[in-house]
>>> print(open('protein_32.tsv').read())   # TSV, C-alpha atoms
chain	number	residue	atom	x	y	z
B	23	MET	CA	-114.98	185.25	88.21
B	24	ALA	CA	-113.83	188.02	85.90
B	25	PHE	CA	-112.69	190.83	88.11
B	26	THR	CA	-111.65	194.05	86.43
B	27	LEU	CA	-109.93	197.09	87.91
B	28	GLU	CA	-112.22	200.12	87.78
B	29	PRO	CA	-110.84	202.89	85.54
B	30	THR	CA	-110.56	205.37	88.37
B	31	VAL	CA	-109.38	205.70	91.94
B	32	LYS	CA	-112.08	207.19	94.15
B	33	VAL	CA	-110.73	209.93	96.43
B	34	ILE	CA	-112.96	211.10	99.29
B	35	PHE	CA	-112.14	214.06	101.53
B	36	ASN	CA	-113.95	214.28	104.88
B	37	CYS	CA	-114.73	217.86	105.90
B	38	LEU	CA	-115.98	218.96	109.29
B	39	ASP	CA	-117.77	222.27	109.84
B	40	GLU	CA	-117.95	224.32	113.01
B	41	SER	CA	-121.16	222.61	114.14
B	42	GLY	CA	-119.50	219.20	113.91
B	43	SER	CA	-121.42	218.16	110.79
B	44	GLU	CA	-119.51	216.17	108.22
B	45	GLY	CA	-119.45	216.64	104.49
B	46	LYS	CA	-117.56	214.86	101.77
B	47	VAL	CA	-115.82	215.93	98.60
B	48	MET	CA	-115.35	213.17	96.05
B	49	LEU	CA	-112.98	213.21	93.11
B	50	HIS	CA	-111.57	210.62	90.75
B	51	ALA	CA	-108.10	209.96	89.38
B	52	PRO	CA	-107.07	207.36	86.79
B	53	SER	CA	-106.32	204.01	88.41
B	54	SER	CA	-103.19	203.85	86.26
B	55	GLN	CA	-101.70	206.41	88.66
B	56	LEU	CA	-99.44	205.10	91.40
B	57	ALA	CA	-100.73	205.34	94.95
B	58	SER	CA	-97.87	207.69	95.81
B	59	VAL	CA	-98.90	210.08	93.01
B	60	VAL	CA	-102.54	210.01	94.07
B	61	GLN	CA	-101.53	210.68	97.64
B	62	THR	CA	-99.30	213.62	96.73
B	63	ASN	CA	-102.05	215.22	94.65
B	64	ALA	CA	-104.73	214.53	97.24
B	65	THR	CA	-102.66	216.00	100.05
B	66	ALA	CA	-102.10	219.16	98.03
B	67	LEU	CA	-105.79	219.40	97.19
B	68	ALA	CA	-106.84	218.86	100.80
B	69	ALA	CA	-105.10	222.11	101.70
B	70	LEU	CA	-106.91	223.94	98.88
B	71	ILE	CA	-110.29	222.52	99.88
B	72	GLN	CA	-109.64	223.67	103.42
B	73	ALA	CA	-108.71	227.13	102.14
B	74	ILE	CA	-111.82	227.63	100.07
B	75	THR	CA	-114.38	226.05	102.36
B	76	GLY	CA	-113.32	227.01	105.83
B	77	CYS	CA	-114.05	223.45	106.87
B	78	SER	CA	-111.47	221.33	108.59
B	79	VAL	CA	-110.36	218.48	106.32
B	80	ARG	CA	-109.85	215.77	108.93
B	81	SER	CA	-109.04	212.82	106.71
B	82	TYR	CA	-109.20	211.47	103.21
B	83	SER	CA	-109.11	208.08	101.59
B	84	TYR	CA	-108.46	206.78	98.13
B	85	SER	CA	-109.46	203.38	96.85
B	86	TYR	CA	-108.57	201.15	93.95
B	87	GLU	CA	-111.75	199.18	93.24
B	88	VAL	CA	-112.10	195.89	91.40
B	89	SER	CA	-115.47	194.58	90.30
B	90	ASP	CA	-116.91	191.60	88.49
B	91	PRO	CA	-119.33	192.80	85.79
B	92	ALA	CA	-120.53	189.25	85.16
B	93	ALA	CA	-120.77	187.91	88.69
B	94	ALA	CA	-122.48	184.57	89.18
B	95	ALA	CA	-125.78	184.42	91.07
B	96	ALA	CA	-125.63	183.93	94.82
B	97	ALA	CA	-126.46	180.45	96.12
B	98	ALA	CA	-130.11	179.81	96.95
B	99	GLY	CA	-130.79	180.43	100.63
B	100	SER	CA	-127.53	182.27	101.25
B	101	ARG	CA	-127.86	185.04	103.86
B	102	ILE	CA	-125.20	187.54	104.77
B	103	GLU	CA	-126.41	187.51	108.39
B	104	HIS	CA	-124.96	184.03	108.71
B	105	LYS	CA	-121.27	184.63	109.24
B	106	GLY	CA	-118.14	182.65	109.77
B	107	ARG	CA	-116.08	184.42	112.40
B	108	PHE	CA	-112.33	183.78	112.31
B	109	ILE	CA	-110.09	185.16	115.07
B	110	TRP	CA	-106.31	185.19	114.85
B	111	ASN	CA	-103.68	185.97	117.47
B	112	LEU	CA	-101.41	188.89	116.68
B	113	ALA	CA	-97.70	189.06	117.39
B	114	ASN	CA	-98.29	191.90	119.88
B	115	GLY	CA	-100.66	189.76	121.98
B	116	LEU	CA	-103.87	191.29	120.65
B	117	GLU	CA	-106.35	189.72	118.25
B	118	THR	CA	-107.77	190.40	114.84
B	119	ARG	CA	-110.87	188.99	113.22
B	120	ALA	CA	-112.45	188.50	109.84
B	121	GLU	CA	-116.06	187.59	109.19
B	122	VAL	CA	-117.13	185.73	106.06
B	123	PRO	CA	-120.75	186.59	105.18
B	124	GLY	CA	-123.17	183.97	103.86
B	125	LEU	CA	-121.19	181.13	105.38
B	126	ASP	CA	-121.77	177.77	103.69
B	127	PRO	CA	-123.59	175.57	106.28
B	128	ALA	CA	-121.58	172.60	105.04
B	129	VAL	CA	-118.42	173.91	106.74
B	130	VAL	CA	-120.11	174.31	110.14
B	131	LEU	CA	-120.01	171.47	112.67
B	132	SER	CA	-123.03	170.54	114.79
B	133	ASP	CA	-121.72	172.55	117.77
B	134	GLY	CA	-121.31	175.73	115.70
B	135	ALA	CA	-117.56	175.51	115.31
B	136	ILE	CA	-116.16	175.80	111.81
B	137	ASP	CA	-114.68	172.59	110.46
B	138	LEU	CA	-110.95	173.23	110.41
B	139	THR	CA	-110.33	169.98	108.55
B	140	ASN	CA	-112.37	171.19	105.58
B	141	ALA	CA	-110.04	171.84	102.64
B	142	ASP	CA	-111.72	175.13	101.66
B	143	VAL	CA	-111.54	176.43	105.23
B	144	LEU	CA	-107.89	175.44	105.49
B	145	ALA	CA	-107.12	177.20	102.21
B	146	PHE	CA	-108.76	180.43	103.46
B	147	VAL	CA	-107.09	180.34	106.88
B	148	GLY	CA	-103.77	179.53	105.27
B	149	ALA	CA	-104.02	182.42	102.82
B	150	VAL	CA	-104.47	184.88	105.69
B	151	SER	CA	-101.99	183.34	108.14
B	152	ALA	CA	-99.25	182.57	105.66
B	153	GLY	CA	-99.54	185.80	103.69
B	154	THR	CA	-96.91	188.37	104.50
B	155	ALA	CA	-99.07	191.36	103.65
B	156	TYR	CA	-101.98	190.91	106.05
B	157	SER	CA	-101.79	192.33	109.54
B	158	GLY	CA	-103.87	193.50	112.45
B	159	ILE	CA	-105.28	197.02	112.31
B	160	ASP	CA	-102.18	198.27	114.13
B	161	GLY	CA	-99.81	196.59	111.65
B	162	SER	CA	-98.93	193.70	113.94
B	163	ASP	CA	-98.19	190.33	112.29
B	164	ILE	CA	-100.94	187.75	112.15
B	165	GLY	CA	-100.13	184.53	113.99
B	166	ALA	CA	-102.06	181.34	114.60
B	167	LEU	CA	-105.80	180.98	114.29
B	168	LYS	CA	-107.38	181.23	117.72
B	169	ALA	CA	-111.06	180.54	117.05
B	170	ALA	CA	-113.46	179.92	114.18
B	171	TYR	CA	-117.20	179.63	114.65
B	172	GLU	CA	-120.50	180.61	113.11
B	173	ALA	CA	-122.17	183.83	114.21
B	174	PHE	CA	-125.39	185.59	113.32
B	175	ARG	CA	-126.12	189.25	112.91
B	176	ARG	CA	-129.51	190.86	113.39
B	177	SER	CA	-131.27	191.46	110.08
B	178	THR	CA	-131.59	195.00	108.85
B	179	ARG	CA	-134.70	196.15	106.97
B	180	ASN	CA	-132.98	195.61	103.62
B	181	MET	CA	-132.07	192.05	104.55
B	182	LEU	CA	-135.64	190.98	105.21
B	183	PRO	CA	-137.44	189.12	102.42
B	184	ALA	CA	-139.73	191.13	100.16
B	185	ARG	CA	-142.72	188.85	100.85
B	186	ARG	CA	-143.41	188.61	104.57
B	187	LEU	CA	-147.05	187.52	104.68
B	188	ALA	CA	-148.07	183.92	105.28
B	189	SER	CA	-150.31	183.80	102.23
A	20	MET	CA	-118.90	193.14	103.69
A	21	MET	CA	-115.59	191.73	104.81
A	22	ARG	CA	-112.66	193.90	105.85
A	23	GLY	CA	-109.03	193.27	106.53
A	24	THR	CA	-105.88	195.27	107.02
A	25	PHE	CA	-102.49	195.18	105.33
A	26	LYS	CA	-99.07	196.16	106.48
A	27	ALA	CA	-97.72	199.29	104.85
A	28	GLY	CA	-94.86	199.11	102.39
A	29	PHE	CA	-96.25	197.01	99.58
A	30	SER	CA	-97.27	198.24	96.16
A	31	THR	CA	-100.91	198.60	95.15
A	32	GLU	CA	-100.38	195.74	92.70
A	33	ASP	CA	-99.19	193.52	95.58
A	34	TYR	CA	-102.25	194.39	97.65
A	35	LEU	CA	-104.66	193.80	94.78
A	36	GLU	CA	-102.98	190.50	94.02
A	37	ALA	CA	-103.23	189.40	97.65
A	38	VAL	CA	-106.93	190.28	97.78
A	39	ALA	CA	-107.60	188.51	94.49
A	40	LEU	CA	-105.99	185.40	95.95
A	41	LEU	CA	-108.08	185.66	99.09
A	42	VAL	CA	-111.27	186.17	97.08
A	43	GLU	CA	-110.65	182.76	95.50
A	44	LYS	CA	-110.38	181.25	99.00
A	45	VAL	CA	-113.43	183.01	100.44
A	46	ALA	CA	-115.76	182.17	97.54
A	47	PRO	CA	-116.03	178.43	98.34
A	48	LEU	CA	-116.89	179.19	101.98
A	49	SER	CA	-119.78	181.50	101.21
A	50	GLY	CA	-123.03	181.20	99.34
A	51	CYS	CA	-122.73	184.89	98.52
A	52	THR	CA	-121.34	186.18	95.26
A	53	ILE	CA	-118.33	188.41	95.60
A	54	VAL	CA	-119.02	191.30	93.26
A	55	ARG	CA	-116.48	193.92	94.30
A	56	TYR	CA	-113.39	194.47	96.36
A	57	ALA	CA	-111.13	197.42	96.94
A	58	VAL	CA	-107.80	198.40	98.39
A	59	VAL	CA	-108.35	201.59	100.35
A	60	TYR	CA	-105.66	203.92	101.67
A	61	ARG	CA	-106.74	206.10	104.58
A	62	LEU	CA	-104.94	209.22	105.77
A	63	ARG	CA	-105.78	211.25	108.84
A	64	GLU	CA	-104.77	214.82	109.64
A	65	THR	CA	-102.91	214.74	112.94
A	66	ASP	CA	-103.01	218.50	113.36
A	67	PRO	CA	-106.44	219.51	112.04
A	68	ALA	CA	-107.37	223.12	111.48
A	69	THR	CA	-110.39	224.56	113.26
A	70	ALA	CA	-113.45	225.07	111.09
A	71	ARG	CA	-114.32	228.66	110.28
A	72	SER	CA	-116.88	230.10	112.66
A	73	THR	CA	-120.56	230.16	111.66
A	74	LEU	CA	-119.78	227.81	108.81
A	75	SER	CA	-122.36	225.16	107.99
A	76	ILE	CA	-121.69	222.13	105.81
A	77	THR	CA	-124.83	222.96	103.82
A	78	PRO	CA	-125.43	224.37	101.25
A	79	LEU	CA	-122.83	223.09	98.83
A	80	ALA	CA	-120.83	224.61	96.02
A	81	ARG	CA	-121.11	222.61	92.82
A	82	PHE	CA	-118.39	223.00	90.18
A	83	LEU	CA	-118.99	221.70	86.67
A	84	PHE	CA	-115.95	220.80	84.59
A	85	THR	CA	-115.92	220.07	80.87
A	86	LEU	CA	-114.29	216.83	79.72
A	87	THR	CA	-111.39	216.73	77.32
A	88	ASP	CA	-112.92	214.24	74.90
A	89	THR	CA	-116.49	215.53	74.85
A	90	PRO	CA	-116.64	219.21	75.75
A	91	ASP	CA	-120.42	219.18	75.81
A	92	THR	CA	-120.47	216.76	78.74
A	93	PHE	CA	-119.53	217.60	82.28
A	94	ALA	CA	-118.23	216.19	85.53
A	95	GLU	CA	-119.24	217.71	88.82
A	96	VAL	CA	-117.34	218.24	92.03
A	97	SER	CA	-119.19	219.44	95.12
A	98	THR	CA	-117.57	221.03	98.14
A	99	PRO	CA	-118.84	222.76	101.25
A	100	LEU	CA	-119.72	226.36	100.40
A	101	ASP	CA	-117.96	229.44	101.65
A	102	PRO	CA	-120.69	232.17	101.38
A	103	SER	CA	-118.08	234.76	100.37
A	104	TRP	CA	-117.81	233.10	96.93
A	105	VAL	CA	-121.44	233.72	96.03
A	106	LEU	CA	-121.86	236.43	93.41
A	107	THR	CA	-123.60	239.52	94.74
A	108	ASP	CA	-124.41	241.24	91.46
A	109	GLY	CA	-125.27	240.37	87.89
A	110	PRO	CA	-127.76	237.81	86.60
A	111	LEU	CA	-126.35	235.01	88.79
A	112	ALA	CA	-126.39	237.02	92.02
A	113	GLY	CA	-127.14	234.82	95.02
A	114	PHE	CA	-126.73	231.68	92.97
A	115	GLY	CA	-123.52	231.66	90.93
A	116	LEU	CA	-120.05	231.44	92.43
A	117	ASP	CA	-117.17	233.79	91.76
A	118	LEU	CA	-114.77	231.80	89.60
A	119	ALA	CA	-112.37	234.74	89.54
A	120	ASN	CA	-111.82	234.53	93.31
A	121	SER	CA	-108.13	233.72	93.77
A	122	GLU	CA	-108.72	230.87	96.22
A	123	VAL	CA	-111.41	229.40	93.98
A	124	LEU	CA	-109.04	229.73	91.02
A	125	ASP	CA	-106.30	227.90	92.92
A	126	PHE	CA	-108.77	225.11	93.58
A	127	THR	CA	-110.15	224.81	90.04
A	128	ASP	CA	-106.67	225.13	88.47
A	129	SER	CA	-105.46	222.36	90.75
A	130	ILE	CA	-108.32	220.17	89.57
A	131	THR	CA	-107.83	220.79	85.85
A	132	GLY	CA	-104.04	220.80	86.03
A	133	GLY	CA	-103.69	217.71	88.21
A	134	ILE	CA	-104.37	214.02	87.83
A	135	TRP	CA	-108.12	214.38	88.34
A	136	CYS	CA	-110.67	212.92	85.97
A	137	ASP	CA	-114.32	211.87	85.76
A	138	PRO	CA	-115.50	208.41	86.99
A	139	PHE	CA	-114.65	206.97	83.57
A	140	ALA	CA	-111.08	208.25	83.59
A	141	ILE	CA	-111.69	211.12	81.16
A	142	ASP	CA	-109.56	214.16	81.96
A	143	LEU	CA	-111.24	217.31	83.21
A	144	ALA	CA	-110.60	220.18	80.81
A	145	ALA	CA	-111.84	223.44	82.31
A	146	VAL	CA	-114.28	224.69	84.88
A	147	ASP	CA	-117.49	225.66	83.09
A	148	THR	CA	-119.67	227.00	85.85
A	149	ALA	CA	-120.21	226.83	89.59
A	150	TYR	CA	-123.32	227.43	91.62
A	151	VAL	CA	-124.96	226.96	95.01
A	152	VAL	CA	-126.80	223.73	95.79
A	153	GLU	CA	-129.14	223.49	98.75
A	154	ALA	CA	-128.22	220.09	100.13
A	155	SER	CA	-130.84	218.26	102.15
>>> encode(input="protein_32.tsv", output="structure tokens")
Amino acid sequence: MAFTLEPTVKVIFNCLDESGSEGKVMLHAPSSQLASVVQTNATALAALIQAITGCSVRSYSYSYEVSDPAAAAAAAGSRIEHKGRFIWNLANGLETRAEVPGLDPAVVLSDGAIDLTNADVLAFVGAVSAGTAYSGIDGSDIGALKAAYEAFRRSTRNMLPARRLAS
Amino acid sequence: MMRGTFKAGFSTEDYLEAVALLVEKVAPLSGCTIVRYAVVYRLRETDPATARSTLSITPLARFLFTLTDTPDTFAEVSTPLDPSWVLTDGPLAGFGLDLANSEVLDFTDSITGGIWCDPFAIDLAAVDTAYVVEAS
């Protein structure tokens, strides 16, 4: 893996018109800029966009993206519909989940549970549970793992194989 | 796609480092190749303004900005169009936008005078032209 930070931060403003339709305005800023600087500039620009469009700027986001320009090929037979679902308890009594796409069948037990004695699984669960930065969507601390099992998602058109005939 | 949430209060470098570490842990569990990840900050207006009446999100206003290193290349920024910007006389009537409009000037000056750049991190120099685009 050779992940590299993209040269720019992508800033997307979400605009809503009177009919309820949504439009987006996308701009870029150098990724060398601190998040606080991007946010200050984006907040100022949101007001200007609102002034010149008449739309209501309801939200905006900015993202620092990292990509691997020389990514290895995916494993033969891997399918993103086959997921590993991990559910953690949160400190506030709620739950949070993460789903790993293209789950390796080797880490799934015969009853569909994920093998929590597998070293790779333990390393993943530990990185989420022991990390201080991760949280639930409401900011609540992540606690112990509650459940881990395989799950399947319905295939979309793009997920279906290119050749579908028997011959 | 896999999503997670972070607590606030860490630096972008901390977040990116945490995700990079997690990527190394996820890769052995999945037959997929991880090609991209991102740390995204989301902000929501808690007191949103009401959209101007009769305004439609289409068509769009497209602004072309020259780049500082290669003035003959351009970056574009599209926004929803306020019909009052459209020129009503001259050769660009009904198509070009009024770059002398004070609100439009505030917007374009903010773009060229701020941190904004093209997707390859080249600074935007000046607004070159702006016109109406009929979005589908």
>>> closest_atom_pairs(input="protein_32.tsv", of="chain B", to="chain A", cutoff="6 Å", atoms="only C-alpha atoms", output="CSV")
residue,atom,partner,partner_atom,distance
B:Pro29,CA,A:Ala140,CA,5.7
B:Thr30,CA,A:Ala140,CA,5.6
B:Asp39,CA,A:Ala70,CA,5.3
B:Glu40,CA,A:Ala70,CA,4.9
B:Val47,CA,A:Thr98,CA,5.4
B:His50,CA,A:Cys136,CA,5.4
B:Ala51,CA,A:Trp135,CA,4.5
B:Pro52,CA,A:Ala140,CA,5.2
B:Leu70,CA,A:Phe126,CA,5.7
B:Ile74,CA,A:Glu122,CA,5.9
B:Thr75,CA,A:Asp101,CA,5.0
B:Gly76,CA,A:Arg71,CA,4.9
B:Cys77,CA,A:Ala70,CA,4.6
B:Ser78,CA,A:Ala70,CA,4.9
B:Arg80,CA,A:Glu64,CA,5.2
B:Ser81,CA,A:Arg63,CA,4.2
B:Tyr82,CA,A:Leu62,CA,5.5
B:Ser83,CA,A:Arg61,CA,4.3
B:Tyr84,CA,A:Tyr60,CA,5.3
B:Ser85,CA,A:Val59,CA,4.1
B:Tyr86,CA,A:Val58,CA,5.3
B:Glu87,CA,A:Ala57,CA,4.1
B:Val88,CA,A:Tyr56,CA,5.3
B:Ser89,CA,A:Arg55,CA,4.2
B:Asp90,CA,A:Val54,CA,5.2
B:Ala93,CA,A:Val54,CA,6.0
B:Ala96,CA,A:Cys51,CA,4.8
B:Ala97,CA,A:Gly50,CA,4.8
B:Ser100,CA,A:Gly50,CA,5.0
B:Gly124,CA,A:Ser49,CA,5.0
B:Leu125,CA,A:Ser49,CA,4.4
B:Asp126,CA,A:Ser49,CA,4.9
B:Phe146,CA,A:Lys44,CA,4.8
B:Ala155,CA,A:Phe25,CA,5.4
B:Tyr156,CA,A:Phe25,CA,4.4
B:Ser157,CA,A:Phe25,CA,5.1
B:Ile159,CA,A:Thr24,CA,5.6
B:Gly161,CA,A:Lys26,CA,5.2
>>> axis_aligned_box(input="protein_32.tsv", around="range 79-97 of chain A", padding_each_side="5 Å", output="AutoDock Vina command-line options")
--center_x -117.1 --center_y 219.4 --center_z 86.8 --size_x 21.4 --size_y 20.4 --size_z 34.0
>>> atom_distance(input="protein_32.tsv", atom1="CA of Ser177 in chain B", atom2="CA of His104 in chain B")
9.8 Å
>>> residues_around(input="protein_32.tsv", residues="Asp163 in chain B", least_positions_apart="3", cutoff="7 Å", atoms="only C-alpha atoms", output="MDAnalysis selection string")
chainID B and resid 112:113 157:158
>>> write_last_selection(input="protein_32.tsv", atoms="C-alpha atoms", output="PDB file, keeping the file's coordinate frame")
ATOM      1  CA  LEU B 112    -101.410 188.890 116.680  1.00  0.00           C
ATOM      2  CA  ALA B 113     -97.700 189.060 117.390  1.00  0.00           C
ATOM      3  CA  SER B 157    -101.790 192.330 109.540  1.00  0.00           C
ATOM      4  CA  GLY B 158    -103.870 193.500 112.450  1.00  0.00           C
TER       5      GLY B 158
END
>>> atom_distance(input="protein_32.tsv", atom1="CA of Cys37 in chain B", atom2="CA of Thr87 in chain A")
28.8 Å
>>> atom_distance(input="protein_32.tsv", atom1="CA of Tyr171 in chain B", atom2="CA of Ala149 in chain B")
17.9 Å
